[in-house]
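The structure file entry30.txt is reproduced below (compact mmCIF, C-alpha atoms).
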```txt
# COMPACT_ATOMS: atom_id res chain seq x y z
CA MET T 1 -110.28 -31.84 -174.78
CA LYS T 2 -108.68 -32.72 -178.12
CA THR T 3 -106.68 -35.93 -178.34
CA GLN T 4 -103.03 -35.24 -178.97
CA LYS T 5 -101.70 -36.80 -182.16
CA THR T 6 -98.17 -37.63 -183.21
CA ILE T 7 -97.71 -36.04 -186.64
CA LEU T 8 -94.70 -36.61 -188.90
CA ILE T 9 -94.12 -33.91 -191.51
CA THR T 10 -91.54 -34.12 -194.29
CA GLY T 11 -90.14 -31.01 -195.93
CA ALA T 12 -90.54 -29.34 -192.55
CA ALA T 13 -87.65 -26.88 -192.73
CA ARG T 14 -89.38 -24.22 -194.80
CA GLY T 15 -92.56 -23.06 -196.53
CA ILE T 16 -95.75 -24.99 -195.97
CA GLY T 17 -93.93 -27.66 -193.94
CA ALA T 18 -92.59 -25.18 -191.40
CA ALA T 19 -95.99 -23.49 -191.18
CA LEU T 20 -97.61 -26.87 -190.52
CA CYS T 21 -95.15 -27.53 -187.69
CA ARG T 22 -95.95 -24.19 -186.05
CA GLN T 23 -99.71 -24.53 -186.38
CA LEU T 24 -100.00 -28.16 -185.31
CA ALA T 25 -97.60 -27.73 -182.39
CA ALA T 26 -99.69 -24.77 -181.22
CA GLN T 27 -102.73 -27.07 -181.27
CA GLY T 28 -100.99 -29.37 -178.79
CA HIS T 29 -99.88 -32.13 -181.12
CA HIS T 30 -96.52 -33.90 -180.98
CA ILE T 31 -94.60 -32.93 -184.10
CA ILE T 32 -91.84 -34.93 -185.74
CA ALA T 33 -90.26 -32.50 -188.18
CA VAL T 34 -88.28 -34.14 -190.98
CA SER T 35 -85.94 -32.53 -193.52
CA ARG T 36 -82.49 -32.94 -194.97
CA ASN T 37 -81.55 -29.53 -193.50
CA LEU T 38 -80.87 -30.14 -189.79
CA ASP T 39 -79.77 -26.54 -189.11
CA LYS T 40 -83.09 -25.14 -190.33
CA LEU T 41 -84.98 -27.83 -188.40
CA LYS T 42 -83.21 -26.87 -185.17
CA LYS T 43 -83.92 -23.19 -185.81
CA LEU T 44 -87.61 -24.01 -186.30
CA GLN T 45 -87.63 -26.15 -183.16
CA ASN T 46 -86.10 -23.34 -181.10
CA GLU T 47 -88.59 -20.85 -182.49
CA ILE T 48 -91.54 -23.07 -181.56
CA LEU T 49 -90.21 -23.85 -178.08
CA GLU T 50 -89.38 -20.20 -177.40
CA HIS T 51 -93.00 -19.37 -178.16
CA ASP T 52 -94.19 -22.05 -175.71
CA ALA T 53 -91.85 -24.44 -173.92
CA HIS T 54 -94.69 -26.94 -173.51
CA HIS T 55 -94.95 -27.53 -177.25
CA GLN T 56 -93.66 -30.91 -178.38
CA ILE T 57 -91.46 -31.02 -181.44
CA ASP T 58 -88.70 -33.47 -182.30
CA VAL T 59 -86.48 -32.91 -185.33
CA LEU T 60 -85.08 -35.77 -187.38
CA PRO T 61 -82.81 -35.22 -190.39
CA PHE T 62 -83.59 -37.41 -193.38
CA ASP T 63 -82.84 -37.09 -197.07
CA LEU T 64 -85.47 -38.59 -199.37
CA GLU T 65 -82.72 -38.92 -201.97
CA ALA T 66 -80.88 -41.35 -199.68
CA PRO T 67 -83.38 -44.19 -199.09
CA GLN T 68 -80.56 -46.44 -197.90
CA THR T 69 -80.55 -44.40 -194.67
CA ILE T 70 -84.15 -45.30 -193.79
CA PRO T 71 -83.11 -47.99 -191.24
CA ASP T 72 -81.02 -45.40 -189.38
CA PHE T 73 -83.89 -42.94 -189.53
CA ILE T 74 -86.29 -45.51 -188.06
CA ASP T 75 -83.80 -46.24 -185.25
CA ARG T 76 -83.81 -42.53 -184.34
CA LEU T 77 -87.59 -42.39 -184.65
CA LYS T 78 -87.87 -45.06 -181.93
CA THR T 79 -86.51 -42.57 -179.42
CA CYS T 80 -89.30 -40.09 -180.25
CA CYS T 81 -92.46 -42.15 -180.38
CA SER T 82 -94.08 -45.59 -180.38
CA LYS T 83 -96.85 -44.71 -182.86
CA ILE T 84 -97.63 -42.21 -185.58
CA ASP T 85 -101.14 -40.91 -186.11
CA VAL T 86 -100.53 -38.74 -189.17
CA VAL T 87 -97.92 -38.63 -191.91
CA ILE T 88 -97.84 -35.58 -194.18
CA HIS T 89 -95.68 -36.12 -197.27
CA ASN T 90 -95.02 -32.44 -197.83
CA ALA T 91 -91.45 -32.53 -199.19
CA GLY T 92 -91.19 -31.85 -202.88
CA MET T 93 -88.81 -31.00 -205.71
CA LEU T 94 -89.67 -28.90 -208.75
CA VAL T 95 -87.69 -28.48 -211.97
CA ASN T 96 -88.91 -25.88 -214.45
CA LYS T 97 -87.30 -26.74 -217.79
CA PRO T 98 -88.42 -27.50 -221.35
CA PHE T 99 -89.07 -31.21 -221.84
CA THR T 100 -86.15 -31.66 -224.26
CA GLN T 101 -83.71 -30.10 -221.77
CA ILE T 102 -84.55 -32.13 -218.66
CA SER T 103 -81.72 -34.53 -217.95
CA SER T 104 -82.18 -38.09 -216.75
CA GLU T 105 -80.47 -37.07 -213.51
CA GLU T 106 -82.97 -34.25 -212.93
CA LEU T 107 -85.90 -36.53 -213.73
CA GLN T 108 -84.57 -39.17 -211.33
CA ARG T 109 -84.13 -36.59 -208.53
CA VAL T 110 -87.66 -35.23 -208.93
CA TYR T 111 -89.15 -38.72 -208.83
CA GLN T 112 -86.94 -39.77 -205.93
CA VAL T 113 -88.13 -36.87 -203.76
CA ASN T 114 -91.75 -36.79 -204.93
CA VAL T 115 -92.51 -40.49 -205.44
CA PHE T 116 -89.89 -43.11 -204.60
CA GLY T 117 -88.76 -41.57 -201.31
CA PRO T 118 -92.27 -41.11 -199.85
CA PHE T 119 -93.19 -44.61 -201.09
CA ALA T 120 -90.24 -46.23 -199.26
CA LEU T 121 -90.67 -44.10 -196.13
CA THR T 122 -94.35 -45.00 -195.87
CA GLN T 123 -93.47 -48.69 -196.07
CA ALA T 124 -91.00 -48.23 -193.20
CA LEU T 125 -93.55 -46.30 -191.12
CA PHE T 126 -96.25 -48.96 -191.46
CA PRO T 127 -95.57 -50.57 -188.03
CA TYR T 128 -95.94 -47.14 -186.37
CA LEU T 129 -99.14 -46.35 -188.26
CA LYS T 130 -100.62 -49.70 -187.20
CA GLN T 131 -100.16 -48.73 -183.55
CA ALA T 132 -102.41 -45.69 -183.96
CA THR T 133 -106.15 -45.93 -183.36
CA ALA T 134 -106.98 -44.36 -186.73
CA ALA T 135 -103.93 -43.32 -188.72
CA HIS T 136 -103.98 -40.91 -191.65
CA VAL T 137 -101.41 -40.70 -194.47
CA ILE T 138 -101.56 -37.58 -196.63
CA GLY T 139 -99.75 -37.14 -199.92
CA ILE T 140 -99.25 -33.52 -200.91
CA SER T 141 -99.69 -33.46 -204.67
CA SER T 142 -100.39 -30.61 -207.06
CA MET T 143 -103.20 -29.46 -209.28
CA GLY T 144 -100.66 -29.98 -212.06
CA GLY T 145 -100.87 -33.71 -211.34
CA VAL T 146 -104.67 -33.87 -211.67
CA GLN T 147 -106.10 -35.12 -214.94
CA GLY T 148 -107.85 -32.39 -216.89
CA SER T 149 -106.38 -29.47 -214.92
CA ALA T 150 -104.52 -26.57 -216.50
CA LYS T 151 -100.90 -27.50 -217.16
CA PHE T 152 -97.78 -25.34 -217.26
CA ALA T 153 -94.99 -25.74 -219.78
CA GLY T 154 -91.72 -26.75 -218.18
CA LEU T 155 -93.25 -28.91 -215.45
CA THR T 156 -93.37 -32.32 -217.15
CA ALA T 157 -91.16 -33.92 -214.47
CA TYR T 158 -92.89 -32.26 -211.53
CA SER T 159 -96.50 -32.67 -212.67
CA SER T 160 -96.07 -36.28 -213.76
CA SER T 161 -94.42 -37.15 -210.43
CA LYS T 162 -97.30 -35.57 -208.54
CA ALA T 163 -99.75 -37.57 -210.64
CA ALA T 164 -97.84 -40.70 -209.64
CA MET T 165 -98.11 -39.78 -205.95
CA ALA T 166 -101.86 -39.30 -206.30
CA GLY T 167 -102.18 -42.71 -207.94
CA TRP T 168 -100.32 -44.63 -205.27
CA CYS T 169 -102.29 -42.86 -202.54
CA GLU T 170 -105.53 -44.09 -204.12
CA VAL T 171 -104.31 -47.69 -204.30
CA LEU T 172 -102.77 -47.66 -200.82
CA ALA T 173 -106.05 -46.46 -199.32
CA GLU T 174 -107.75 -49.55 -200.70
CA GLU T 175 -104.94 -51.86 -199.58
CA TRP T 176 -104.85 -50.52 -196.00
CA LYS T 177 -108.60 -50.40 -195.35
CA ALA T 178 -108.40 -53.48 -193.14
CA GLU T 179 -105.62 -51.82 -191.10
CA ASN T 180 -107.82 -48.79 -190.33
CA ILE T 181 -105.24 -46.53 -191.96
CA LYS T 182 -106.77 -43.84 -194.15
CA VAL T 183 -104.83 -42.46 -197.12
CA ASN T 184 -105.73 -39.29 -198.99
CA CYS T 185 -104.05 -36.92 -201.40
CA LEU T 186 -104.34 -33.12 -201.48
CA ALA T 187 -103.75 -31.55 -204.90
CA LEU T 188 -102.59 -28.05 -204.03
CA GLY T 189 -102.92 -24.94 -206.12
CA ALA T 190 -100.24 -22.28 -205.99
CA ALA T 191 -99.01 -21.04 -202.61
CA GLN T 192 -96.25 -18.51 -202.03
CA THR T 193 -93.31 -20.69 -201.03
CA GLU T 194 -89.55 -20.66 -201.58
CA MET T 195 -89.89 -23.56 -204.02
CA LEU T 196 -92.42 -21.63 -206.12
CA GLU T 197 -90.25 -18.51 -206.09
CA ASP T 198 -87.20 -20.50 -207.19
CA ALA T 199 -89.11 -22.03 -210.11
CA PHE T 200 -91.15 -18.95 -211.09
CA PRO T 201 -89.31 -15.80 -209.94
CA GLY T 202 -91.68 -12.90 -209.45
CA TYR T 203 -94.87 -14.99 -209.58
CA LYS T 204 -97.43 -13.98 -206.95
CA ALA T 205 -99.55 -16.87 -205.66
CA PRO T 206 -103.08 -16.27 -204.35
CA LEU T 207 -102.34 -17.94 -200.99
CA THR T 208 -99.48 -17.68 -198.52
CA ALA T 209 -97.76 -20.79 -197.17
CA GLU T 210 -99.45 -20.14 -193.81
CA GLU T 211 -102.90 -19.93 -195.38
CA MET T 212 -102.40 -23.20 -197.25
CA ALA T 213 -101.02 -24.84 -194.10
CA ASN T 214 -104.09 -23.73 -192.18
CA TYR T 215 -106.29 -25.97 -194.30
CA ILE T 216 -103.83 -28.87 -194.37
CA SER T 217 -103.56 -28.72 -190.56
CA TRP T 218 -107.31 -29.15 -190.23
CA PHE T 219 -107.36 -31.93 -192.82
CA ALA T 220 -104.48 -33.78 -191.18
CA VAL T 221 -106.38 -34.07 -187.91
CA ASN T 222 -109.93 -34.44 -189.24
CA GLY T 223 -109.84 -35.51 -192.88
CA HIS T 224 -109.79 -39.24 -192.14
CA LEU T 225 -113.26 -38.88 -190.59
CA TYR T 226 -114.71 -37.91 -193.97
CA PHE T 227 -112.42 -39.19 -196.72
CA ASN T 228 -110.39 -42.19 -197.76
CA GLY T 229 -108.67 -42.82 -201.08
CA LYS T 230 -109.56 -39.37 -202.38
CA ILE T 231 -107.63 -36.86 -204.45
CA LEU T 232 -108.95 -33.51 -203.26
CA PRO T 233 -108.21 -30.21 -205.02
CA VAL T 234 -107.17 -27.40 -202.69
CA ALA T 235 -107.07 -24.46 -205.04
CA LEU T 236 -108.83 -21.19 -205.82
CA SER T 237 -109.21 -22.19 -209.46
CA THR T 238 -111.02 -25.05 -211.15
CA PRO T 239 -109.38 -27.68 -213.39
```

Target encoding structure tokens, full file:
Amino acid sequence: MKTQKTILITGAARGIGAALCRQLAAQGHHIIAVSRNLDKLKKLQNEILEHDAHHQIDVLPFDLEAPQTIPDFIDRLKTCCSKIDVVIHNAGMLVNKPFTQISSEELQRVYQVNVFGPFALTQALFPYLKQATAAHVIGISSMGGVQGSAKFAGLTAYSSSKAAMAGWCEVLAEEWKAENIKVNCLALGAAQTEMLEDAFPGYKAPLTAEEMANYISWFAVNGHLYFNGKILPVALSTP
């Protein structure tokens, strides 16, 4: 019988995040779904529980652009769990604009959601990760943030922020070795999500959100057995 894990997923209200919640809950894991959109979280929770009332999913609203609310978030988290086995930093923000047109406010928002917010949240979750037997932190990056990969014009803010996430995941893995907390980064290729459609209307990705989530679900539960401090491409193309 598989050991149930407590898995916290950011960006859980839609796309890959919502698919991860469905798949991992169906596997019997305790899901903590996190997003700024509480209405969509509750809708997802109801959908999962209607499918099977025995599934375990708690929803916690949190805005990565409001790091000052982390103490309140941690207080609410205490009512859901005493440990966290897996954190999946899935939330992301993408701006598709020419470099000379990106405002400082847009740049700050992208980095807040993709880098600074996950950084601060992971610090706050450290006591919960320490309580797990073998915790696993996963940063969801992008192939656009991998050195030497094909780049797309208009994504300087997004791609550079995803490169930053990959870098801090590598360093954190080394720092937390003694704590038995594994840290890895998945550099995703294109998947058909609302965020992709908003940035590139009409673009058809080779994978659905559910297909991409299928791999991430497996990696979340098993990846720490094979990898630590790695940036792993998950794409149908090569750099």

Next on the checklist: List as a PyMOL selection string the protein and nucleic acid residues near range 175-192 of chain T, meaning an atom at most 9 Å away when only C-alpha atoms are counted, but skip any in the same chain fewer than 5 places from it.
Outcome noted: chain T and resi 15-16+129-130+132-146+162+165-167+169-170+197+203-212+216+223-225+227-237

Would you write out those residues with C-alpha atoms, as a CSV table (one decimal), in the coordinates of the input?
```csv
chain,number,residue,atom,x,y,z
T,15,GLY,CA,-92.6,-23.1,-196.5
T,16,ILE,CA,-95.8,-25.0,-196.0
T,129,LEU,CA,-99.1,-46.4,-188.3
T,130,LYS,CA,-100.6,-49.7,-187.2
T,132,ALA,CA,-102.4,-45.7,-184.0
T,133,THR,CA,-106.2,-45.9,-183.4
T,134,ALA,CA,-107.0,-44.4,-186.7
T,135,ALA,CA,-103.9,-43.3,-188.7
T,136,HIS,CA,-104.0,-40.9,-191.6
T,137,VAL,CA,-101.4,-40.7,-194.5
T,138,ILE,CA,-101.6,-37.6,-196.6
T,139,GLY,CA,-99.8,-37.1,-199.9
T,140,ILE,CA,-99.2,-33.5,-200.9
T,141,SER,CA,-99.7,-33.5,-204.7
T,142,SER,CA,-100.4,-30.6,-207.1
T,143,MET,CA,-103.2,-29.5,-209.3
T,144,GLY,CA,-100.7,-30.0,-212.1
T,145,GLY,CA,-100.9,-33.7,-211.3
T,146,VAL,CA,-104.7,-33.9,-211.7
T,162,LYS,CA,-97.3,-35.6,-208.5
T,165,MET,CA,-98.1,-39.8,-206.0
T,166,ALA,CA,-101.9,-39.3,-206.3
T,167,GLY,CA,-102.2,-42.7,-207.9
T,169,CYS,CA,-102.3,-42.9,-202.5
T,170,GLU,CA,-105.5,-44.1,-204.1
T,197,GLU,CA,-90.2,-18.5,-206.1
T,203,TYR,CA,-94.9,-15.0,-209.6
T,204,LYS,CA,-97.4,-14.0,-207.0
T,205,ALA,CA,-99.6,-16.9,-205.7
T,206,PRO,CA,-103.1,-16.3,-204.4
T,207,LEU,CA,-102.3,-17.9,-201.0
T,208,THR,CA,-99.5,-17.7,-198.5
T,209,ALA,CA,-97.8,-20.8,-197.2
T,210,GLU,CA,-99.4,-20.1,-193.8
T,211,GLU,CA,-102.9,-19.9,-195.4
T,212,MET,CA,-102.4,-23.2,-197.2
T,216,ILE,CA,-103.8,-28.9,-194.4
T,223,GLY,CA,-109.8,-35.5,-192.9
T,224,HIS,CA,-109.8,-39.2,-192.1
T,225,LEU,CA,-113.3,-38.9,-190.6
T,227,PHE,CA,-112.4,-39.2,-196.7
T,228,ASN,CA,-110.4,-42.2,-197.8
T,229,GLY,CA,-108.7,-42.8,-201.1
T,230,LYS,CA,-109.6,-39.4,-202.4
T,231,ILE,CA,-107.6,-36.9,-204.4
T,232,LEU,CA,-109.0,-33.5,-203.3
T,233,PRO,CA,-108.2,-30.2,-205.0
T,234,VAL,CA,-107.2,-27.4,-202.7
T,235,ALA,CA,-107.1,-24.5,-205.0
T,236,LEU,CA,-108.8,-21.2,-205.8
T,237,SER,CA,-109.2,-22.2,-209.5
```

Please, which residues are within 12 Å of (-98.5, -32.2, -188.4) by the file's coordinates, counting all atoms listed in the file, and could they come as a PDB file with C-alpha atoms, in the frame of the given file?
```pdb
ATOM      1  CA  GLN T   4    -103.030 -35.240-178.970  1.00  0.00           C
ATOM      2  CA  LYS T   5    -101.700 -36.800-182.160  1.00  0.00           C
ATOM      3  CA  THR T   6     -98.170 -37.630-183.210  1.00  0.00           C
ATOM      4  CA  ILE T   7     -97.710 -36.040-186.640  1.00  0.00           C
ATOM      5  CA  LEU T   8     -94.700 -36.610-188.900  1.00  0.00           C
ATOM      6  CA  ILE T   9     -94.120 -33.910-191.510  1.00  0.00           C
ATOM      7  CA  THR T  10     -91.540 -34.120-194.290  1.00  0.00           C
ATOM      8  CA  GLY T  11     -90.140 -31.010-195.930  1.00  0.00           C
ATOM      9  CA  ALA T  12     -90.540 -29.340-192.550  1.00  0.00           C
ATOM     10  CA  ILE T  16     -95.750 -24.990-195.970  1.00  0.00           C
ATOM     11  CA  GLY T  17     -93.930 -27.660-193.940  1.00  0.00           C
ATOM     12  CA  ALA T  18     -92.590 -25.180-191.400  1.00  0.00           C
ATOM     13  CA  ALA T  19     -95.990 -23.490-191.180  1.00  0.00           C
ATOM     14  CA  LEU T  20     -97.610 -26.870-190.520  1.00  0.00           C
ATOM     15  CA  CYS T  21     -95.150 -27.530-187.690  1.00  0.00           C
ATOM     16  CA  ARG T  22     -95.950 -24.190-186.050  1.00  0.00           C
ATOM     17  CA  GLN T  23     -99.710 -24.530-186.380  1.00  0.00           C
ATOM     18  CA  LEU T  24    -100.000 -28.160-185.310  1.00  0.00           C
ATOM     19  CA  ALA T  25     -97.600 -27.730-182.390  1.00  0.00           C
ATOM     20  CA  ALA T  26     -99.690 -24.770-181.220  1.00  0.00           C
ATOM     21  CA  GLN T  27    -102.730 -27.070-181.270  1.00  0.00           C
ATOM     22  CA  GLY T  28    -100.990 -29.370-178.790  1.00  0.00           C
ATOM     23  CA  HIS T  29     -99.880 -32.130-181.120  1.00  0.00           C
ATOM     24  CA  HIS T  30     -96.520 -33.900-180.980  1.00  0.00           C
ATOM     25  CA  ILE T  31     -94.600 -32.930-184.100  1.00  0.00           C
ATOM     26  CA  ILE T  32     -91.840 -34.930-185.740  1.00  0.00           C
ATOM     27  CA  ALA T  33     -90.260 -32.500-188.180  1.00  0.00           C
ATOM     28  CA  VAL T  34     -88.280 -34.140-190.980  1.00  0.00           C
ATOM     29  CA  GLN T  56     -93.660 -30.910-178.380  1.00  0.00           C
ATOM     30  CA  ILE T  57     -91.460 -31.020-181.440  1.00  0.00           C
ATOM     31  CA  ASP T  58     -88.700 -33.470-182.300  1.00  0.00           C
ATOM     32  CA  ILE T  84     -97.630 -42.210-185.580  1.00  0.00           C
ATOM     33  CA  ASP T  85    -101.140 -40.910-186.110  1.00  0.00           C
ATOM     34  CA  VAL T  86    -100.530 -38.740-189.170  1.00  0.00           C
ATOM     35  CA  VAL T  87     -97.920 -38.630-191.910  1.00  0.00           C
ATOM     36  CA  ILE T  88     -97.840 -35.580-194.180  1.00  0.00           C
ATOM     37  CA  HIS T  89     -95.680 -36.120-197.270  1.00  0.00           C
ATOM     38  CA  ASN T  90     -95.020 -32.440-197.830  1.00  0.00           C
ATOM     39  CA  HIS T 136    -103.980 -40.910-191.650  1.00  0.00           C
ATOM     40  CA  VAL T 137    -101.410 -40.700-194.470  1.00  0.00           C
ATOM     41  CA  ILE T 138    -101.560 -37.580-196.630  1.00  0.00           C
ATOM     42  CA  ALA T 213    -101.020 -24.840-194.100  1.00  0.00           C
ATOM     43  CA  ASN T 214    -104.090 -23.730-192.180  1.00  0.00           C
ATOM     44  CA  TYR T 215    -106.290 -25.970-194.300  1.00  0.00           C
ATOM     45  CA  ILE T 216    -103.830 -28.870-194.370  1.00  0.00           C
ATOM     46  CA  SER T 217    -103.560 -28.720-190.560  1.00  0.00           C
ATOM     47  CA  TRP T 218    -107.310 -29.150-190.230  1.00  0.00           C
ATOM     48  CA  PHE T 219    -107.360 -31.930-192.820  1.00  0.00           C
ATOM     49  CA  ALA T 220    -104.480 -33.780-191.180  1.00  0.00           C
ATOM     50  CA  VAL T 221    -106.380 -34.070-187.910  1.00  0.00           C
ATOM     51  CA  ASN T 222    -109.930 -34.440-189.240  1.00  0.00           C
TER      52      ASN T 222
END
```

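Going from CA of Ala163 in chain T to CA of Asn114 in chain T covers 9.9 Å.
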
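Between CA of Thr156 in chain T and CA of Leu94 in chain T lies a distance of 9.8 Å.
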
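For the atom pair formed by CA of Glu194 in chain T and CA of Phe99 in chain T, the distance is 22.8 Å, given to one decimal.
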
Next on the checklist: Using all atoms listed in the file, which protein or nucleic acid residues come within 6 Å of Leu107 in chain T? Drop anything in the same chain fewer than 3 positions from it, and give the result as a count of residues only.
Outcome noted: 3

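Closest approach to Asp63 in chain T from the set T:Thr3, T:Ser161, T:Thr100, T:Asn37 is made by T:Asn37, with distances taken over all atoms listed in the file.
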
Next on the checklist: I'd like the contact shell of Val113 in chain T - 9 Å cut-off, all atoms listed in the file, skipping same-chain residues fewer than 4 positions apart - returned as a ChimeraX atom specification.
Outcome noted: /T:63-65,91-93,108-109,117-118

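With all atoms listed in the file as the atoms that count, the residue of T:Gln68, T:Ala13, T:His55, T:Asp75 with the shortest distance to Lys42 in chain T is T:Ala13.
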
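Distances here use all atoms listed in the file; by that measure, the residue among T:Ala124, T:Val95, T:Ile102, T:Ala53 closest to Ile74 in chain T is T:Ala124.
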
Item to check | Selected residue, from T:Gly148, T:Phe119, T:Lys83, T:Trp168, that lies nearest to Gln131 in chain T when counting all atoms listed in the file | outcome: T:Lys83

Let me have the centre and edge lengths of the axis-aligned box enclosing all listed atoms of range 211-224 of chain T with 6 Å padding on every side, in Å to one decimal, as AutoDock Vina command-line options.
```
--center_x -105.5 --center_y -29.6 --center_z -192.6 --size_x 20.9 --size_y 31.3 --size_z 21.3
```

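Using all atoms listed in the file, the smallest distance between any of T:Pro127, T:Gly154, T:Pro67, T:Pro98 and Val115 in chain T comes from T:Pro67.
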
Since fewer atoms than expected are present, regenerate N, CA and C atoms for range 34-55 of chain T and write them as a JSON list (two decimals), in the frame of the given file.
```json
[["chain", "number", "residue", "atom", "x", "y", "z"],
["T", 34, "VAL", "N", -89.27, -33.40, -190.19],
["T", 34, "VAL", "CA", -88.28, -34.14, -190.98],
["T", 34, "VAL", "C", -87.83, -33.29, -192.17],
["T", 35, "SER", "N", -86.52, -33.23, -192.37],
["T", 35, "SER", "CA", -85.94, -32.53, -193.52],
["T", 35, "SER", "C", -84.48, -32.94, -193.64],
["T", 36, "ARG", "N", -83.92, -32.69, -194.81],
["T", 36, "ARG", "CA", -82.49, -32.94, -194.97],
["T", 36, "ARG", "C", -81.66, -31.85, -194.29],
["T", 37, "ASN", "N", -82.27, -30.69, -194.03],
["T", 37, "ASN", "CA", -81.55, -29.53, -193.50],
["T", 37, "ASN", "C", -81.71, -29.46, -191.98],
["T", 38, "LEU", "N", -80.77, -30.07, -191.25],
["T", 38, "LEU", "CA", -80.87, -30.14, -189.79],
["T", 38, "LEU", "C", -80.76, -28.75, -189.16],
["T", 39, "ASP", "N", -79.92, -27.88, -189.70],
["T", 39, "ASP", "CA", -79.77, -26.54, -189.11],
["T", 39, "ASP", "C", -81.09, -25.78, -189.13],
["T", 40, "LYS", "N", -81.80, -25.83, -190.26],
["T", 40, "LYS", "CA", -83.09, -25.14, -190.33],
["T", 40, "LYS", "C", -84.12, -25.80, -189.43],
["T", 41, "LEU", "N", -84.06, -27.13, -189.30],
["T", 41, "LEU", "CA", -84.98, -27.83, -188.40],
["T", 41, "LEU", "C", -84.76, -27.38, -186.96],
["T", 42, "LYS", "N", -83.51, -27.28, -186.54],
["T", 42, "LYS", "CA", -83.21, -26.87, -185.17],
["T", 42, "LYS", "C", -83.64, -25.43, -184.92],
["T", 43, "LYS", "N", -83.47, -24.58, -185.93],
["T", 43, "LYS", "CA", -83.92, -23.19, -185.81],
["T", 43, "LYS", "C", -85.43, -23.13, -185.64],
["T", 44, "LEU", "N", -86.15, -23.94, -186.42],
["T", 44, "LEU", "CA", -87.61, -24.01, -186.30],
["T", 44, "LEU", "C", -88.01, -24.54, -184.93],
["T", 45, "GLN", "N", -87.34, -25.59, -184.46],
["T", 45, "GLN", "CA", -87.63, -26.15, -183.16],
["T", 45, "GLN", "C", -87.45, -25.11, -182.06],
["T", 46, "ASN", "N", -86.35, -24.38, -182.11],
["T", 46, "ASN", "CA", -86.10, -23.34, -181.10],
["T", 46, "ASN", "C", -87.16, -22.25, -181.14],
["T", 47, "GLU", "N", -87.55, -21.87, -182.33],
["T", 47, "GLU", "CA", -88.59, -20.85, -182.49],
["T", 47, "GLU", "C", -89.90, -21.29, -181.85],
["T", 48, "ILE", "N", -90.28, -22.55, -182.10],
["T", 48, "ILE", "CA", -91.54, -23.07, -181.56],
["T", 48, "ILE", "C", -91.47, -23.20, -180.05],
["T", 49, "LEU", "N", -90.34, -23.67, -179.53],
["T", 49, "LEU", "CA", -90.21, -23.85, -178.08],
["T", 49, "LEU", "C", -90.06, -22.51, -177.35],
["T", 50, "GLU", "N", -89.47, -21.53, -178.00],
["T", 50, "GLU", "CA", -89.38, -20.20, -177.40],
["T", 50, "GLU", "C", -90.76, -19.57, -177.27],
["T", 51, "HIS", "N", -91.63, -19.87, -178.22],
["T", 51, "HIS", "CA", -93.00, -19.37, -178.16],
["T", 51, "HIS", "C", -93.77, -20.01, -177.01],
["T", 52, "ASP", "N", -93.55, -21.32, -176.81],
["T", 52, "ASP", "CA", -94.19, -22.05, -175.71],
["T", 52, "ASP", "C", -93.37, -23.29, -175.43],
["T", 53, "ALA", "N", -92.74, -23.33, -174.27],
["T", 53, "ALA", "CA", -91.85, -24.44, -173.92],
["T", 53, "ALA", "C", -92.58, -25.76, -173.76],
["T", 54, "HIS", "N", -93.91, -25.71, -173.67],
["T", 54, "HIS", "CA", -94.69, -26.94, -173.51],
["T", 54, "HIS", "C", -94.99, -27.62, -174.86],
["T", 55, "HIS", "N", -94.72, -26.92, -175.95],
["T", 55, "HIS", "CA", -94.95, -27.53, -177.25],
["T", 55, "HIS", "C", -93.99, -28.71, -177.44]]
```
